[in-house]
$ cat entry.csv   # CSV, C-alpha atoms
chain,number,residue,atom,x,y,z
J,7,MET,CA,-18.0,-19.9,12.2
J,8,ALA,CA,-20.0,-17.0,11.0
J,9,ASP,CA,-19.9,-15.8,7.4
J,10,LYS,CA,-16.8,-13.8,6.5
J,11,ILE,CA,-17.5,-10.4,4.9
J,12,THR,CA,-14.5,-8.8,3.4
J,13,ILE,CA,-13.9,-5.0,3.6
J,14,GLY,CA,-11.5,-3.5,1.1
J,15,ILE,CA,-9.5,-0.3,1.4
J,16,ALA,CA,-11.7,2.8,1.6
J,17,ASP,CA,-14.7,0.6,2.2
J,18,MET,CA,-17.3,-0.1,4.9
J,19,LYS,CA,-19.6,-3.0,5.5
J,20,MET,CA,-22.2,-3.8,8.2
J,21,ALA,CA,-23.7,-7.0,9.6
J,22,LYS,CA,-26.4,-7.6,12.2
J,23,GLY,CA,-26.9,-10.5,14.6
J,24,GLU,CA,-24.2,-12.8,13.1
J,25,GLY,CA,-21.2,-12.1,10.9
J,26,MET,CA,-17.5,-11.8,10.8
J,27,LEU,CA,-16.3,-8.6,9.3
J,28,VAL,CA,-12.7,-8.8,8.0
J,29,THR,CA,-10.2,-6.3,6.6
J,30,TYR,CA,-6.7,-7.4,5.6
J,31,ALA,CA,-3.3,-5.9,5.9
J,32,LEU,CA,-3.9,-2.6,7.6
J,33,GLY,CA,-0.6,-0.7,7.4
J,34,SER,CA,-0.8,3.0,8.0
J,35,CYS,CA,-4.6,2.6,7.4
J,36,ILE,CA,-6.9,2.1,10.3
J,37,GLY,CA,-9.8,-0.3,10.7
J,38,ILE,CA,-12.6,1.1,12.9
J,39,CYS,CA,-15.1,-1.4,14.4
J,40,LEU,CA,-18.3,0.3,15.5
J,41,HIS,CA,-20.8,-1.8,17.5
J,42,ASP,CA,-24.2,-1.4,19.0
J,43,PRO,CA,-24.3,-4.3,21.5
J,44,SER,CA,-28.1,-4.3,22.1
J,45,LEU,CA,-28.9,-4.7,18.3
J,46,LYS,CA,-25.7,-6.8,17.7
J,47,LEU,CA,-25.1,-4.4,14.8
J,48,GLY,CA,-21.5,-4.0,13.8
J,49,ALA,CA,-19.7,-2.0,11.1
J,50,LEU,CA,-16.1,-2.1,10.0
J,51,VAL,CA,-14.6,0.9,8.1
J,52,HIS,CA,-11.1,0.8,6.5
J,53,ILE,CA,-9.9,4.3,6.2
J,54,MET,CA,-6.7,5.4,4.5
J,55,LEU,CA,-6.2,9.1,5.3
J,56,PRO,CA,-7.0,11.5,8.2
J,57,LEU,CA,-8.9,14.3,6.6
J,58,ASN,CA,-11.2,14.6,3.6
J,59,MET,CA,-10.2,17.7,1.7
J,60,GLU,CA,-11.1,16.3,-1.7
J,61,THR,CA,-13.5,18.3,-3.9
J,62,GLY,CA,-16.5,16.3,-4.8
J,63,ARG,CA,-16.0,13.9,-2.0
J,64,LYS,CA,-16.8,10.8,-4.0
J,65,ASN,CA,-15.4,8.3,-1.5
J,66,PRO,CA,-16.2,9.2,2.1
J,67,MET,CA,-14.9,5.9,3.5
J,68,LYS,CA,-11.3,6.8,2.4
J,69,TYR,CA,-11.0,9.3,5.2
J,70,ALA,CA,-11.3,9.1,9.0
J,71,ASP,CA,-13.6,12.1,9.4
J,72,THR,CA,-16.1,11.5,6.7
J,73,GLY,CA,-15.8,7.7,7.1
J,74,ILE,CA,-16.8,7.7,10.7
J,75,LYS,CA,-19.6,10.2,10.2
J,76,GLU,CA,-21.1,8.4,7.2
J,77,THR,CA,-20.9,5.0,9.0
J,78,LEU,CA,-22.6,6.3,12.1
J,79,LYS,CA,-25.4,7.7,9.9
J,80,GLN,CA,-25.9,4.4,8.2
J,81,MET,CA,-25.9,2.5,11.5
J,82,GLU,CA,-28.5,4.9,13.0
J,83,ALA,CA,-30.6,4.4,9.9
J,84,LYS,CA,-30.7,0.7,10.9
J,85,GLY,CA,-31.9,1.7,14.4
J,86,ALA,CA,-28.6,2.0,16.3
J,87,SER,CA,-28.4,4.5,19.1
J,88,ARG,CA,-25.4,6.8,19.3
J,89,SER,CA,-25.3,6.5,23.1
J,90,ARG,CA,-24.8,2.7,22.8
J,91,ILE,CA,-22.3,2.7,19.9
J,92,THR,CA,-18.7,1.8,21.0
J,93,ALA,CA,-15.5,1.6,19.0
J,94,LYS,CA,-12.4,-0.5,18.7
J,95,ILE,CA,-9.6,0.5,16.4
J,96,ALA,CA,-6.5,-1.1,14.9
J,97,GLY,CA,-3.8,0.0,12.5
J,98,GLY,CA,-1.8,3.2,12.0
J,99,ALA,CA,1.5,1.6,11.8
J,100,MET,CA,4.6,2.9,10.2
J,101,MET,CA,5.6,0.4,7.5
J,102,PHE,CA,8.9,1.8,6.6
J,103,LYS,CA,11.3,3.3,9.1
J,104,ASP,CA,13.2,5.7,7.0
J,105,GLY,CA,15.8,7.8,8.6
J,106,SER,CA,15.1,10.9,6.6
J,107,GLY,CA,11.4,11.0,7.7
J,108,SER,CA,10.5,12.1,4.2
J,109,LEU,CA,7.4,9.9,4.1
J,110,GLY,CA,5.8,11.7,7.0
J,111,ASN,CA,3.9,9.5,9.4
J,112,ILE,CA,0.5,9.0,7.9
J,113,GLY,CA,-0.2,6.2,10.5
J,114,GLN,CA,0.2,8.6,13.4
J,115,ARG,CA,-1.9,11.3,11.8
J,116,ASN,CA,-4.6,8.7,11.1
J,117,ILE,CA,-4.6,7.6,14.8
J,118,GLU,CA,-5.0,11.1,16.0
J,119,SER,CA,-7.8,11.9,13.5
J,120,VAL,CA,-9.8,8.8,14.2
J,121,LYS,CA,-9.6,9.4,18.0
J,122,LEU,CA,-10.6,13.1,17.5
J,123,ASN,CA,-13.5,12.3,15.3
J,124,LEU,CA,-14.8,9.5,17.5
J,125,LYS,CA,-14.8,12.0,20.4
J,126,LYS,CA,-16.5,14.6,18.3
J,127,GLU,CA,-19.2,12.2,17.4
J,128,GLY,CA,-19.6,11.1,21.0
J,129,VAL,CA,-18.5,7.5,20.4
J,130,ARG,CA,-16.6,5.8,23.3
J,131,LEU,CA,-13.3,4.1,22.3
J,132,LEU,CA,-13.2,0.8,24.2
J,133,LYS,CA,-10.0,-0.8,22.9
J,134,GLU,CA,-7.2,-0.1,20.5
J,135,ASP,CA,-4.1,-1.7,19.0
J,136,VAL,CA,-2.4,1.1,17.0
J,137,GLY,CA,1.0,2.4,16.0
J,138,GLY,CA,4.1,0.4,15.9
J,139,THR,CA,5.6,-1.0,12.7
J,140,VAL,CA,3.6,-4.1,11.9
J,141,ALA,CA,0.7,-4.6,9.5
J,142,ARG,CA,-2.5,-6.0,10.9
J,143,THR,CA,-5.4,-8.1,9.7
J,144,LEU,CA,-8.6,-7.3,11.7
J,145,LEU,CA,-11.5,-9.6,12.2
J,146,PHE,CA,-14.6,-8.3,14.0
J,147,ASP,CA,-17.4,-10.5,15.3
J,148,VAL,CA,-20.6,-8.5,15.3
J,149,ASN,CA,-22.3,-10.9,17.7
J,150,SER,CA,-19.8,-10.7,20.5
J,151,GLY,CA,-18.3,-7.3,19.6
J,152,LEU,CA,-14.8,-8.9,19.9
J,153,ALA,CA,-12.1,-8.1,17.5
J,154,CYS,CA,-9.1,-10.3,16.6
J,155,ILE,CA,-5.9,-8.9,15.2
J,156,ARG,CA,-3.4,-11.0,13.2
J,157,SER,CA,0.1,-9.8,12.5
J,158,TYR,CA,3.3,-11.2,11.0
J,159,GLY,CA,5.7,-12.3,13.7
J,160,ARG,CA,3.3,-11.5,16.6
J,161,GLN,CA,0.8,-13.4,18.6
J,162,GLU,CA,-2.8,-13.1,17.8
J,163,LEU,CA,-4.5,-10.5,19.9
J,164,ILE,CA,-8.1,-10.3,21.0
J,165,ILE,CA,-9.5,-6.9,21.9
Q,11,MET,CA,-3.3,19.4,-21.5
Q,12,SER,CA,-2.6,18.4,-17.9
Q,13,ILE,CA,-4.5,15.5,-16.6
Q,14,LYS,CA,-6.3,15.5,-13.2
Q,15,ASN,CA,-6.6,11.8,-12.9
Q,16,TYR,CA,-4.6,8.8,-14.0
Q,17,ASP,CA,-7.4,7.4,-16.0
Q,18,GLU,CA,-7.4,10.4,-18.3
Q,19,LEU,CA,-4.1,9.3,-19.9
Q,20,ASN,CA,-4.5,8.7,-23.6
Q,21,SER,CA,-2.8,5.9,-25.6
Q,22,LEU,CA,0.1,8.0,-26.7
Q,23,GLU,CA,0.8,9.0,-23.1
Q,24,LEU,CA,0.5,5.4,-21.9
Q,25,ASP,CA,2.8,4.2,-24.7
Q,26,THR,CA,5.4,6.8,-23.6
Q,27,LEU,CA,5.1,5.6,-20.0
Q,28,ARG,CA,5.5,2.0,-21.1
Q,29,GLU,CA,8.6,3.1,-22.9
Q,30,ILE,CA,10.0,4.6,-19.7
Q,31,GLY,CA,9.1,1.4,-18.0
Q,32,SER,CA,10.8,-0.6,-20.7
Q,33,VAL,CA,14.1,1.3,-20.6
Q,34,GLY,CA,14.0,1.6,-16.8
Q,35,THR,CA,13.4,-2.0,-16.1
Q,36,GLY,CA,15.8,-3.0,-18.9
Q,37,ASN,CA,18.6,-1.1,-17.1
Q,38,ALA,CA,17.5,-2.6,-13.8
Q,39,ALA,CA,17.7,-6.1,-15.4
Q,40,THR,CA,21.2,-5.4,-16.6
Q,41,ALA,CA,22.2,-4.3,-13.1
Q,42,LEU,CA,20.6,-7.4,-11.7
Q,43,SER,CA,22.4,-9.6,-14.2
Q,44,GLN,CA,25.7,-8.3,-13.0
Q,45,MET,CA,24.8,-8.8,-9.3
Q,46,LEU,CA,23.6,-12.3,-9.8
Q,47,GLY,CA,26.2,-13.3,-12.4
Q,48,ARG,CA,23.5,-14.6,-14.8
Q,49,GLN,CA,21.5,-13.3,-17.7
Q,50,VAL,CA,18.3,-11.5,-16.7
Q,51,ARG,CA,15.9,-10.0,-19.2
Q,52,ILE,CA,12.6,-8.3,-18.9
Q,53,THR,CA,9.3,-9.4,-20.3
Q,54,LEU,CA,6.6,-6.9,-21.4
Q,55,PRO,CA,6.9,-3.6,-19.5
Q,56,GLU,CA,3.6,-2.7,-17.8
Q,57,VAL,CA,1.8,0.5,-17.0
Q,58,ARG,CA,-1.1,-0.2,-14.8
Q,59,ILE,CA,-3.8,2.1,-13.4
Q,60,MET,CA,-5.7,0.3,-10.8
Q,61,GLY,CA,-8.2,0.8,-8.0
Q,62,TYR,CA,-6.7,0.2,-4.6
Q,63,ASN,CA,-8.3,-3.2,-4.0
Q,64,GLU,CA,-7.7,-4.3,-7.6
Q,65,ALA,CA,-4.0,-3.5,-7.1
Q,66,ILE,CA,-3.8,-5.7,-4.0
Q,67,GLU,CA,-5.3,-8.6,-5.9
Q,68,TRP,CA,-2.9,-8.0,-8.8
Q,69,ILE,CA,0.1,-8.2,-6.6
Q,70,GLY,CA,-1.1,-11.5,-5.2
Q,71,GLY,CA,-3.4,-10.9,-2.2
Q,72,PRO,CA,-3.1,-8.7,0.9
Q,73,GLU,CA,-1.6,-11.1,3.5
Q,74,GLU,CA,1.3,-12.7,1.6
Q,75,ILE,CA,4.5,-11.9,3.5
Q,76,THR,CA,7.1,-10.2,1.3
Q,77,ALA,CA,10.2,-8.0,1.6
Q,78,GLY,CA,10.0,-4.5,0.3
Q,79,VAL,CA,12.6,-1.8,-0.4
Q,80,LEU,CA,11.2,1.7,-0.7
Q,81,VAL,CA,12.8,4.8,-2.1
Q,82,LYS,CA,11.2,8.2,-2.3
Q,83,LEU,CA,11.7,10.4,-5.3
Q,84,SER,CA,11.9,14.1,-5.2
Q,85,GLY,CA,13.2,17.0,-7.4
Q,86,HIS,CA,11.6,17.1,-10.8
Q,87,VAL,CA,9.7,13.9,-10.2
Q,88,ASN,CA,7.9,13.2,-6.9
Q,89,GLY,CA,6.9,9.6,-6.3
Q,90,ILE,CA,7.7,6.3,-4.6
Q,91,MET,CA,9.6,3.4,-6.0
Q,92,LEU,CA,9.2,-0.1,-4.5
Q,93,SER,CA,11.1,-3.2,-5.1
Q,94,VAL,CA,8.9,-6.1,-3.9
Q,95,GLN,CA,10.9,-9.2,-3.2
Q,96,PRO,CA,9.0,-12.5,-2.6
Q,97,LEU,CA,10.9,-15.3,-0.9
Q,98,GLU,CA,11.7,-17.0,-4.1
Q,99,PHE,CA,13.5,-13.9,-5.4
Q,100,VAL,CA,15.3,-13.5,-2.0
Q,101,ASN,CA,16.6,-17.1,-2.4
Q,102,ILE,CA,17.8,-16.4,-6.0
Q,103,VAL,CA,19.8,-13.5,-4.7
Q,104,LEU,CA,21.1,-15.2,-1.6
Q,105,GLU,CA,22.1,-18.3,-3.5
Q,106,SER,CA,24.1,-16.5,-6.1
Q,107,MET,CA,25.7,-14.0,-3.7
Q,108,MET,CA,26.2,-16.1,-0.6
Q,109,GLY,CA,25.6,-19.7,-1.7
Q,110,LYS,CA,22.7,-20.3,0.7
Q,111,THR,CA,18.9,-20.2,0.8
Q,112,VAL,CA,16.4,-19.6,3.7
Q,113,GLY,CA,13.1,-21.2,4.5
Q,114,SER,CA,11.5,-18.0,5.7
Q,115,TYR,CA,12.2,-14.3,6.1
Q,116,ASP,CA,12.9,-14.6,9.9
Q,117,GLN,CA,16.0,-16.6,9.1
Q,118,LEU,CA,17.6,-13.7,7.4
Q,119,THR,CA,20.7,-12.3,9.0
Q,120,GLU,CA,21.6,-8.7,9.3
Q,121,MET,CA,24.1,-9.1,6.4
Q,122,GLU,CA,21.5,-10.7,4.2
Q,123,HIS,CA,19.0,-7.9,4.9
Q,124,SER,CA,21.6,-5.5,3.8
Q,125,ALA,CA,22.2,-7.5,0.6
Q,126,LEU,CA,18.5,-7.4,-0.3
Q,127,VAL,CA,18.3,-3.6,0.4
Q,128,GLU,CA,21.3,-3.1,-1.8
Q,129,VAL,CA,19.9,-5.2,-4.7
Q,130,GLY,CA,16.6,-3.3,-4.4
Q,131,ASN,CA,18.4,0.0,-4.2
Q,132,ILE,CA,20.6,-0.6,-7.2
Q,133,MET,CA,17.6,-1.7,-9.3
Q,134,ILE,CA,15.6,1.4,-8.3
Q,135,SER,CA,18.6,3.7,-8.9
Q,136,THR,CA,19.3,2.3,-12.4
Q,137,PHE,CA,15.6,2.6,-13.3
Q,138,ILE,CA,15.6,6.3,-12.2
Q,139,ASN,CA,18.9,7.0,-13.9
Q,140,ALA,CA,17.4,5.8,-17.2
Q,141,LEU,CA,14.3,7.9,-16.6
Q,142,SER,CA,16.1,11.1,-15.8
Q,143,GLY,CA,18.4,10.6,-18.8
Q,144,LEU,CA,15.4,10.1,-21.1
Q,145,ALA,CA,13.5,13.1,-19.8
Q,146,GLY,CA,16.4,15.3,-18.9
Q,147,MET,CA,15.0,15.7,-15.4
Q,148,ASP,CA,16.9,15.7,-12.1
Q,149,VAL,CA,15.5,13.2,-9.6
Q,150,ASN,CA,16.8,12.8,-6.0
Q,151,LEU,CA,16.5,9.5,-4.2
Q,152,THR,CA,16.2,9.0,-0.4
Q,153,VAL,CA,18.2,6.4,1.4
Q,154,PRO,CA,16.3,3.0,0.9
Q,155,ALA,CA,14.0,1.8,3.6
Q,156,PHE,CA,13.3,-1.9,4.2
Q,157,THR,CA,10.6,-4.0,5.7
Q,158,VAL,CA,9.2,-7.5,5.8
Q,159,ASP,CA,5.5,-7.7,6.2
Q,160,MET,CA,2.1,-8.2,4.5
Q,161,GLN,CA,2.4,-7.0,0.9
Q,162,GLY,CA,-1.0,-5.4,1.0
Q,163,ALA,CA,0.3,-3.0,3.7
Q,164,ILE,CA,3.5,-2.4,1.7
Q,165,LEU,CA,1.5,-1.5,-1.5
Q,166,ALA,CA,-0.7,0.8,0.6
Q,167,VAL,CA,2.2,3.1,1.3
Q,168,PRO,CA,2.3,4.7,-2.2
Q,169,MET,CA,-1.6,4.6,-2.2
Q,170,ALA,CA,-1.8,6.6,1.1
Q,171,GLU,CA,0.9,9.0,0.0
Q,172,TYR,CA,-1.1,10.1,-3.1
Q,173,GLY,CA,-4.5,9.0,-1.9
Q,174,GLY,CA,-5.6,12.6,-1.5
Q,175,GLN,CA,-5.2,13.1,-5.2
Q,176,SER,CA,-6.7,10.0,-6.7
Q,177,ASP,CA,-8.7,6.8,-6.1
Q,178,TYR,CA,-6.2,5.0,-8.4
Q,179,ILE,CA,-2.6,4.0,-8.2
Q,180,MET,CA,-0.4,4.0,-11.2
Q,181,THR,CA,2.5,1.7,-11.4
Q,182,ILE,CA,5.2,1.5,-14.1
Q,183,GLY,CA,7.2,-1.6,-14.0
Q,184,GLY,CA,8.1,-5.0,-15.5
Q,185,ASN,CA,8.7,-8.6,-14.8
Q,186,PHE,CA,12.1,-10.2,-14.9
Q,187,VAL,CA,13.1,-13.5,-16.5
Q,188,SER,CA,16.3,-15.5,-16.2
Q,189,GLU,CA,17.2,-18.8,-17.9
Q,190,ASN,CA,13.6,-19.1,-19.1
Q,191,LYS,CA,12.3,-18.9,-15.5
Q,192,GLN,CA,10.4,-16.1,-14.0
Q,193,VAL,CA,12.4,-14.1,-11.5
Q,194,PRO,CA,9.6,-13.0,-9.2
Q,195,CYS,CA,10.5,-9.5,-8.3
Q,196,ARG,CA,8.4,-6.5,-9.0
Q,197,LEU,CA,9.8,-3.0,-9.5
Q,198,LEU,CA,7.1,-0.4,-9.2
Q,199,MET,CA,7.2,3.3,-9.7
Q,200,SER,CA,4.3,5.4,-8.5
Q,201,PRO,CA,4.6,9.1,-9.5
Q,202,ASP,CA,2.3,11.8,-8.2
Q,203,LEU,CA,0.0,13.5,-10.7
Q,204,ARG,CA,1.9,16.8,-11.0
Q,205,SER,CA,5.2,14.9,-11.7
Q,206,LEU,CA,3.4,12.7,-14.2
Q,207,ASN,CA,2.2,15.8,-16.1
Q,208,ALA,CA,5.7,17.3,-16.0
Q,209,LEU,CA,7.3,14.1,-17.2
Q,210,LEU,CA,4.9,13.8,-20.2
Q,211,ARG,CA,5.5,17.4,-21.1
Q,212,LYS,CA,9.3,16.9,-21.0
Q,213,LEU,CA,9.0,13.9,-23.3
Q,214,GLY,CA,7.0,16.0,-25.7
Q,215,VAL,CA,3.7,14.0,-25.6
Q,216,SER,CA,1.7,16.5,-23.7
Q,217,ASP,CA,1.4,20.2,-24.8
Q,218,GLY,CA,0.1,21.5,-21.5
$ encode --input "entry.csv" --output "structure tokens"
Amino acid sequence: MADKITIGIADMKMAKGEGMLVTYALGSCIGICLHDPSLKLGALVHIMLPLNMETGRKNPMKYADTGIKETLKQMEAKGASRSRITAKIAGGAMMFKDGSGSLGNIGQRNIESVKLNLKKEGVRLLKEDVGGTVARTLLFDVNSGLACIRSYGRQELII
Amino acid sequence: MSIKNYDELNSLELDTLREIGSVGTGNAATALSQMLGRQVRITLPEVRIMGYNEAIEWIGGPEEITAGVLVKLSGHVNGIMLSVQPLEFVNIVLESMMGKTVGSYDQLTEMEHSALVEVGNIMISTFINALSGLAGMDVNLTVPAFTVDMQGAILAVPMAEYGGQSDYIMTIGGNFVSENKQVPCRLLMSPDLRSLNALLRKLGVSDG
């Protein structure tokens, strides 16, 4: 079993060759696994919101747009090639179904923004497990590029 | 002066918020006492300002399964209130109301779900009644929403809601104790920054 590396909320970590990147309890947040298979370089970003409109922009990994951009930059600095990088995503659930809809649907907006920004950056989205109403824990093996998703009351899923 | 971030609160402002927490959870404890038919008190009221990941550790880890009742606040105060109900608390409620306990959340019947929502809703409403009385502010509450899932994802709901404003989450709440035993139920209020400023002004501790 490879070493586990934990990624918090609004956080990103990378591993090369060997390593299991893990982020826990994605609700409306999205975990984005980015992988360069020929280098076996993987990154996992845990974003919380769709668009960075903050002044100062202290924390790029909190947002889908700046999180994806910054992670790709850091992967390329380690020798990754944009044309080889692929993505797998999980999360974007709606944790509370409230009839009034007053909470909006941050999960759905996150899904749309992540997909749009991956497309804009020219990264192919291979697999996804998004939406619904369950929280997800995401484990990403940088060696194989496989991701495992754990949820409450649902079978484990490998993507 | 209006604050732009939760960590700019001074000690007088924090004391005031702690007082709101104390009165709010005190009222909620009284309501809970009546529902359970036994004495419930609160221990020290808490105001916490935490980074996201710190908050998840504080509540007991991301993956722990728990029930959550969520109510959104609007009107003079915008924010989210959560009643986080671990299984031990669920069983205290079920035992005193229905004379039974469950081994896991998936054994809960529709009726028992409703009971938990109602307990959460009543505790939240009494908390907010106390707050709105203290500050003379009108607060509207949404119909409560309910879920059973990983507590990290439940706590992330107020974080995401106000994440565009701050890298911190502020919670006002307290712990409940009955017959010298901890009643493991958390009542958390997360106001947005603008409402927090308005609240502090109304209570006379901020001159902005």
$ closest_atom_pairs --input "entry.csv" --of "chain Q" --to "chain J" --cutoff "10 Å" --atoms "all atoms listed in the file" --output "tab-separated table"
residue	atom	partner	partner_atom	distance
Q:Gly61	CA	J:Ile15	CA	9.6
Q:Tyr62	CA	J:Ile15	CA	6.6
Q:Asn63	CA	J:Gly14	CA	6.0
Q:Glu64	CA	J:Gly14	CA	9.5
Q:Ile66	CA	J:Gly14	CA	9.5
Q:Gly71	CA	J:Tyr30	CA	9.2
Q:Pro72	CA	J:Ala31	CA	5.7
Q:Glu73	CA	J:Ala31	CA	6.0
Q:Glu74	CA	J:Ala31	CA	9.3
Q:Ile75	CA	J:Tyr158	CA	7.6
Q:Gly78	CA	J:Phe102	CA	9.0
Q:Val79	CA	J:Phe102	CA	8.7
Q:Leu80	CA	J:Phe102	CA	7.7
Q:Val81	CA	J:Asp104	CA	9.2
Q:Lys82	CA	J:Ser108	CA	7.6
Q:Leu83	CA	J:Ser108	CA	9.7
Q:Ser84	CA	J:Ser108	CA	9.7
Q:Ile90	CA	J:Leu109	CA	9.4
Q:Asp116	CA	J:Gly159	CA	8.5
Q:Thr152	CA	J:Ser106	CA	7.3
Q:Val153	CA	J:Asp104	CA	7.5
Q:Pro154	CA	J:Asp104	CA	7.4
Q:Ala155	CA	J:Asp104	CA	5.2
Q:Phe156	CA	J:Phe102	CA	6.2
Q:Thr157	CA	J:Phe102	CA	6.1
Q:Val158	CA	J:Tyr158	CA	8.7
Q:Asp159	CA	J:Tyr158	CA	6.3
Q:Met160	CA	J:Ala31	CA	6.0
Q:Gln161	CA	J:Ala31	CA	7.7
Q:Gly162	CA	J:Ala31	CA	5.4
Q:Ala163	CA	J:Gly33	CA	4.4
Q:Ile164	CA	J:Met101	CA	6.8
Q:Leu165	CA	J:Gly33	CA	9.2
Q:Ala166	CA	J:Gly33	CA	7.0
Q:Val167	CA	J:Ser34	CA	7.3
Q:Pro168	CA	J:Leu109	CA	9.6
Q:Met169	CA	J:Met54	CA	8.5
Q:Ala170	CA	J:Met54	CA	6.1
Q:Glu171	CA	J:Leu109	CA	7.7
Q:Tyr172	CA	J:Leu55	CA	9.9
Q:Gly173	CA	J:Leu55	CA	7.4
Q:Gly174	CA	J:Glu60	CA	6.6
Q:Gln175	CA	J:Glu60	CA	7.6
Q:Ser176	CA	J:Glu60	CA	9.2
Q:Asp177	CA	J:Asn65	CA	8.3
$ atom_distance --input "entry.csv" --atom1 "CA of Ile95 in chain J" --atom2 "CA of Lys133 in chain J"
6.6 Å
$ atom_distance --input "entry.csv" --atom1 "CA of Val33 in chain Q" --atom2 "CA of Ile179 in chain Q"
21.0 Å
$ atom_distance --input "entry.csv" --atom1 "CA of Tyr115 in chain Q" --atom2 "CA of Ile117 in chain J"
28.9 Å
$ residues_near_point --input "entry.csv" --point "(-18.7, 3.4, 2.6)" --cutoff "7 Å" --atoms "all atoms listed in the file" --output "ChimeraX atom specification"
/J:17-18,66-67,73,77
$ residues_around --input "entry.csv" --residues "Ser12 in chain Q" --least-positions-apart "2" --cutoff "12 Å" --atoms "only C-alpha atoms" --output "VMD selection string"
chain Q and resid 14 to 16 18 to 20 23 203 to 211 215 to 218
$ residues_around --input "entry.csv" --residues "Ile134 in chain Q" --least-positions-apart "6" --cutoff "9 Å" --atoms "all atoms listed in the file" --output "MDAnalysis selection string"
chainID Q and resid 34:35 38 80:81 91:93 197:199
$ write_last_selection --input "entry.csv" --atoms "C-alpha atoms" --output "mmCIF file, in the coordinates of the input"
data_model
loop_
_atom_site.group_PDB
_atom_site.id
_atom_site.type_symbol
_atom_site.label_atom_id
_atom_site.label_comp_id
_atom_site.auth_asym_id
_atom_site.auth_seq_id
_atom_site.Cartn_x
_atom_site.Cartn_y
_atom_site.Cartn_z
ATOM 1 C CA GLY Q 34 14.000 1.600 -16.800
ATOM 2 C CA THR Q 35 13.400 -2.000 -16.100
ATOM 3 C CA ALA Q 38 17.500 -2.600 -13.800
ATOM 4 C CA LEU Q 80 11.200 1.700 -0.700
ATOM 5 C CA VAL Q 81 12.800 4.800 -2.100
ATOM 6 C CA MET Q 91 9.600 3.400 -6.000
ATOM 7 C CA LEU Q 92 9.200 -0.100 -4.500
ATOM 8 C CA SER Q 93 11.100 -3.200 -5.100
ATOM 9 C CA LEU Q 197 9.800 -3.000 -9.500
ATOM 10 C CA LEU Q 198 7.100 -0.400 -9.200
ATOM 11 C CA MET Q 199 7.200 3.300 -9.700
#
$ residues_around --input "entry.csv" --residues "Asn190 in chain Q" --least-positions-apart "5" --cutoff "10 Å" --atoms "only C-alpha atoms" --output "tab-separated table (two decimals) with C-alpha atoms, in the coordinates of the input"
chain	number	residue	atom	x	y	z
Q	49	GLN	CA	21.50	-13.30	-17.70
Q	50	VAL	CA	18.30	-11.50	-16.70
Q	51	ARG	CA	15.90	-10.00	-19.20
$ residues_around --input "entry.csv" --residues "Val136 in chain J" --least-positions-apart "5" --cutoff "7 Å" --atoms "all atoms listed in the file" --output "JSON, numbers by chain"
{"J": [96, 97, 98, 99]}
$ write_last_selection --input "entry.csv" --atoms "C-alpha atoms" --output "PDB file, in the frame of the given file"
ATOM      1  CA  ALA J  96      -6.500  -1.100  14.900  1.00  0.00           C
ATOM      2  CA  GLY J  97      -3.800   0.000  12.500  1.00  0.00           C
ATOM      3  CA  GLY J  98      -1.800   3.200  12.000  1.00  0.00           C
ATOM      4  CA  ALA J  99       1.500   1.600  11.800  1.00  0.00           C
TER       5      ALA J  99
END
$ closest_residue --input "entry.csv" --among "J:Gln114, J:Ser87, J:Thr72, J:Gln161" --to "Leu45 in chain J" --atoms "only C-alpha atoms"
J:Ser87
$ closest_residue --input "entry.csv" --among "J:Val129, J:Leu152, J:Ile36, J:Ala49" --to "Lys22 in chain J" --atoms "all atoms listed in the file"
J:Ala49
$ residues_around --input "entry.csv" --residues "Leu78 in chain J" --least-positions-apart "3" --cutoff "12 Å" --atoms "all atoms listed in the file" --output "ChimeraX atom specification"
/J:18-20,38-42,47-51,67,71-75,81-93,123-124,127-129
$ axis_aligned_box --input "entry.csv" --around "range 28-45 of chain Q" --padding-each-side "5 Å" --output "JSON"
{"center_x": 15.6, "center_y": -2.5, "center_z": -16.1, "size_x": 30.2, "size_y": 24.2, "size_z": 23.6}
$ closest_residue --input "entry.csv" --among "J:Met26, J:Ile11, J:Val148, J:Leu122" --to "Lys46 in chain J" --atoms "all atoms listed in the file"
J:Val148
$ build_atoms --input "entry.csv" --residues "range 31-35 of chain J" --atoms "N, CA, C and O atoms" --output "PDB file, in the frame of the given file"
ATOM      1  N   ALA J  31      -4.513  -6.644   6.060  1.00  0.00           N
ATOM      2  CA  ALA J  31      -3.300  -5.900   5.900  1.00  0.00           C
ATOM      3  C   ALA J  31      -3.409  -4.404   6.063  1.00  0.00           C
ATOM      4  O   ALA J  31      -3.121  -3.617   5.176  1.00  0.00           O
ATOM      5  N   LEU J  32      -3.861  -4.009   7.247  1.00  0.00           N
ATOM      6  CA  LEU J  32      -3.900  -2.600   7.600  1.00  0.00           C
ATOM      7  C   LEU J  32      -2.423  -2.194   7.890  1.00  0.00           C
ATOM      8  O   LEU J  32      -1.797  -2.759   8.780  1.00  0.00           O
ATOM      9  N   GLY J  33      -1.895  -1.253   7.131  1.00  0.00           N
ATOM     10  CA  GLY J  33      -0.600  -0.700   7.400  1.00  0.00           C
ATOM     11  C   GLY J  33      -0.759   0.580   8.156  1.00  0.00           C
ATOM     12  O   GLY J  33      -1.138   0.599   9.323  1.00  0.00           O
ATOM     13  N   SER J  34      -0.560   1.685   7.431  1.00  0.00           N
ATOM     14  CA  SER J  34      -0.800   3.000   8.000  1.00  0.00           C
ATOM     15  C   SER J  34      -2.343   3.246   8.092  1.00  0.00           C
ATOM     16  O   SER J  34      -2.804   4.135   8.797  1.00  0.00           O
ATOM     17  N   CYS J  35      -3.110   2.469   7.329  1.00  0.00           N
ATOM     18  CA  CYS J  35      -4.600   2.600   7.400  1.00  0.00           C
ATOM     19  C   CYS J  35      -5.099   2.144   8.734  1.00  0.00           C
ATOM     20  O   CYS J  35      -4.401   1.472   9.487  1.00  0.00           O
TER      21      CYS J  35
END
